[in-house]
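Raw contents of entry-v8.pdb, PDB, C-alpha atoms and all ligand atoms:
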```pdb
ATOM      1  CA  MET A   1     -16.715  -2.593  -6.236
ATOM      2  CA  PRO A   2     -15.419  -0.143  -3.641
ATOM      3  CA  SER A   3     -11.714  -0.256  -2.966
ATOM      4  CA  LYS A   4     -10.317  -2.072   0.034
ATOM      5  CA  VAL A   5      -6.836  -1.775   1.503
ATOM      6  CA  THR A   6      -5.492  -4.610   3.628
ATOM      7  CA  VAL A   7      -2.364  -4.153   5.741
ATOM      8  CA  GLY A   8      -0.554  -7.436   5.304
ATOM      9  CA  ASN A   9       1.471  -8.885   8.144
ATOM     10  CA  ASN A  10       5.165  -8.352   7.381
ATOM     11  CA  GLY A  11       4.313  -7.346   3.827
ATOM     12  CA  PRO A  12       2.649  -4.907   1.461
ATOM     13  CA  LEU A  13      -0.556  -2.936   1.464
ATOM     14  CA  ARG A  14      -2.920  -4.948  -0.713
ATOM     15  CA  ILE A  15      -5.391  -2.792  -2.601
ATOM     16  CA  GLU A  16      -8.291  -4.284  -4.482
ATOM     17  CA  GLY A  17     -11.496  -3.135  -6.127
ATOM     18  CA  ASP A  18     -11.967   0.064  -8.094
ATOM     19  CA  PHE A  19      -8.916   2.244  -7.622
ATOM     20  CA  THR A  20      -6.357   4.298  -9.467
ATOM     21  CA  ILE A  21      -2.788   4.992  -8.410
ATOM     22  CA  CYS A  22      -1.267   8.335  -9.360
ATOM     23  CA  ASP A  23       2.143   9.904  -8.970
ATOM     24  CA  ALA A  24       2.740  13.205  -7.173
ATOM     25  CA  GLU A  25       1.850  15.131 -10.342
ATOM     26  CA  GLY A  26      -1.484  13.325 -10.694
ATOM     27  CA  ARG A  27      -0.415  11.095 -13.596
ATOM     28  CA  GLU A  28      -1.999   7.684 -13.424
ATOM     29  CA  PHE A  29       0.031   4.470 -13.369
ATOM     30  CA  GLY A  30      -1.017   2.008 -16.054
ATOM     31  CA  LEU A  31      -1.948  -1.161 -14.205
ATOM     32  CA  ALA A  32      -2.701  -3.313 -17.256
ATOM     33  CA  GLY A  33      -6.140  -4.233 -15.965
ATOM     34  CA  ARG A  34      -5.035  -5.355 -12.509
ATOM     35  CA  THR A  35      -7.773  -5.153  -9.881
ATOM     36  CA  VAL A  36      -5.469  -6.259  -7.049
ATOM     37  CA  ILE A  37      -1.977  -4.964  -6.383
ATOM     38  CA  GLY A  38       0.498  -4.723  -3.511
ATOM     39  CA  LEU A  39       2.015  -1.411  -2.502
ATOM     40  CA  CYS A  40       5.382  -1.553  -0.769
ATOM     41  CA  ARG A  41       5.461  -0.446   2.840
ATOM     42  CA  CYS A  42       8.866  -1.860   3.753
ATOM     43  CA  GLY A  43      10.857   0.622   1.648
ATOM     44  CA  HIS A  44      13.015  -2.042  -0.047
ATOM     45  CA  SER A  45      11.184  -2.606  -3.353
ATOM     46  CA  GLU A  46      13.118  -1.932  -6.548
ATOM     47  CA  ASN A  47       9.767  -1.218  -8.204
ATOM     48  CA  LYS A  48       8.231   1.383  -5.864
ATOM     49  CA  PRO A  49       5.495   2.070  -5.169
ATOM     50  CA  PHE A  50       4.755  -1.577  -5.921
ATOM     51  CA  CYS A  51       5.815  -4.560  -3.858
ATOM     52  CA  ASP A  52       8.385  -6.804  -5.527
ATOM     53  CA  GLY A  53       8.752  -9.341  -2.717
ATOM     54  CA  SER A  54      11.860  -7.691  -1.224
ATOM     55  CA  HIS A  55      10.145  -7.531   2.178
ATOM     56  CA  ASN A  56      10.722 -11.281   2.482
ATOM     57  CA  ARG A  57      14.434 -11.071   1.663
ATOM     58  CA  GLN A  58      14.869  -8.120   4.028
ATOM     59  CA  GLY A  59      12.995  -9.757   6.893
ATOM     60  CA  PHE A  60      10.512  -6.895   7.176
ATOM     61  CA  GLN A  61       8.493  -7.226  10.381
ATOM     62  CA  SER A  62       5.299  -5.278  10.957
ATOM     63  CA  GLN A  63       1.948  -6.461  12.145
ATOM     64  CA  CYS A  64      -0.799  -3.857  12.447
ATOM     65  CA  GLN A  65      -4.128  -4.572  14.069
ATOM     66  CA  ALA A  66      -7.189  -2.519  13.165
ATOM     67  CA  ARG A  67      -7.946   0.213  15.679
ATOM     68  CA  GLU A  68      -9.859   3.445  16.058
ATOM     69  CA  LEU A  69      -8.014   6.667  15.320
ATOM     70  CA  PRO A  70      -8.721   9.853  17.241
ATOM     71  CA  PRO A  71     -10.783  12.505  15.449
ATOM     72  CA  PRO A  72      -8.775  14.635  13.028
ATOM     73  CA  LYS A  73      -7.450  17.902  14.351
ATOM     74  CA  PRO A  74      -9.307  20.949  13.046
ATOM     75  CA  LYS A  75      -7.534  22.691  10.178
ATOM     76  CA  LEU A  76      -6.416  26.205  10.982
TER      77      LEU A  76
HETATM   78  S1  LIG B   1       6.380  -4.542   1.096
HETATM   79 FE1  LIG B   1       6.986  -5.931  -0.424
HETATM   80  S2  LIG B   1       8.798  -5.084  -1.207
HETATM   81 FE2  LIG B   1       8.216  -3.702   0.349
END
```
Show me this structure written as structure tokens.
Ligand code: FES
Amino acid sequence: MPSKVTVGNNGPLRIEGDFTICDAEGREFGLAGRTVIGLCRCGHSENKPFCDGSHNRQGFQSQCQARELPPPKPKL
């Protein structure tokens, strides 16, 4: 199943399907078989990059509607 990322209202990025999550050095996080996980986008999680529910306690507010992005700028 292809991966899908959903931008939750006032909460995490929910990723589901076939995906891997790696750190900056390319090492893969062990997800213990999870096929759905929330990635923190509020900046308050004590378990980054994963959501730990802190967005609720911090009153994080962000609602993003789907939209078209402009074409990428050519690389120099
Ligand atoms: S989005 Fe849930 S802790 Fe940041």
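Atom CA of Glu28 of chain A lies 19.2 Å from atom CA of Glu46 of chain A.
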Would you compute, for all listed atoms of ligand LIG 1 (chain B), the axis-aligned bounding box grown by 8 Å on each side, and then report its centre and edge lengths in Å rounded to one decimal, as AutoDock Vina command-line options?
```
--center_x 7.6 --center_y -4.8 --center_z -0.1 --size_x 18.4 --size_y 18.2 --size_z 18.3
```
task: Report as a PyMOL selection string which protein, DNA and RNA residues come within 10 Å of ligand LIG 1 (chain B), using all atoms listed in the file.
output: chain A and resi 7-14+38-58+60-62
message: Evaluated on this file, the PyMOL selection byres (((chain A and resi 15) around 6) and not hetatm) picks out some residues - which ones are they, written as JSON, numbers by chain?
response: {"A": [4, 5, 14, 16, 36, 37]}
- request: Name all residues at most 12 Å from Pro2 of chain A (count only C-alpha atoms; drop same-chain ones fewer than 6 positions away) and give them as a PyMOL selection string.
  value: chain A and resi 15-20+35
message: I'd like the interatomic distance between atom CA of Gly26 of chain A and atom CA of Leu76 of chain A, to a tenth of an Å.
response: 25.7 Å
task: Could you jot down the atom CA of Gly33 of chain A to atom CA of Cys64 of chain A separation for me, Å, one decimal place?
output: 28.9 Å
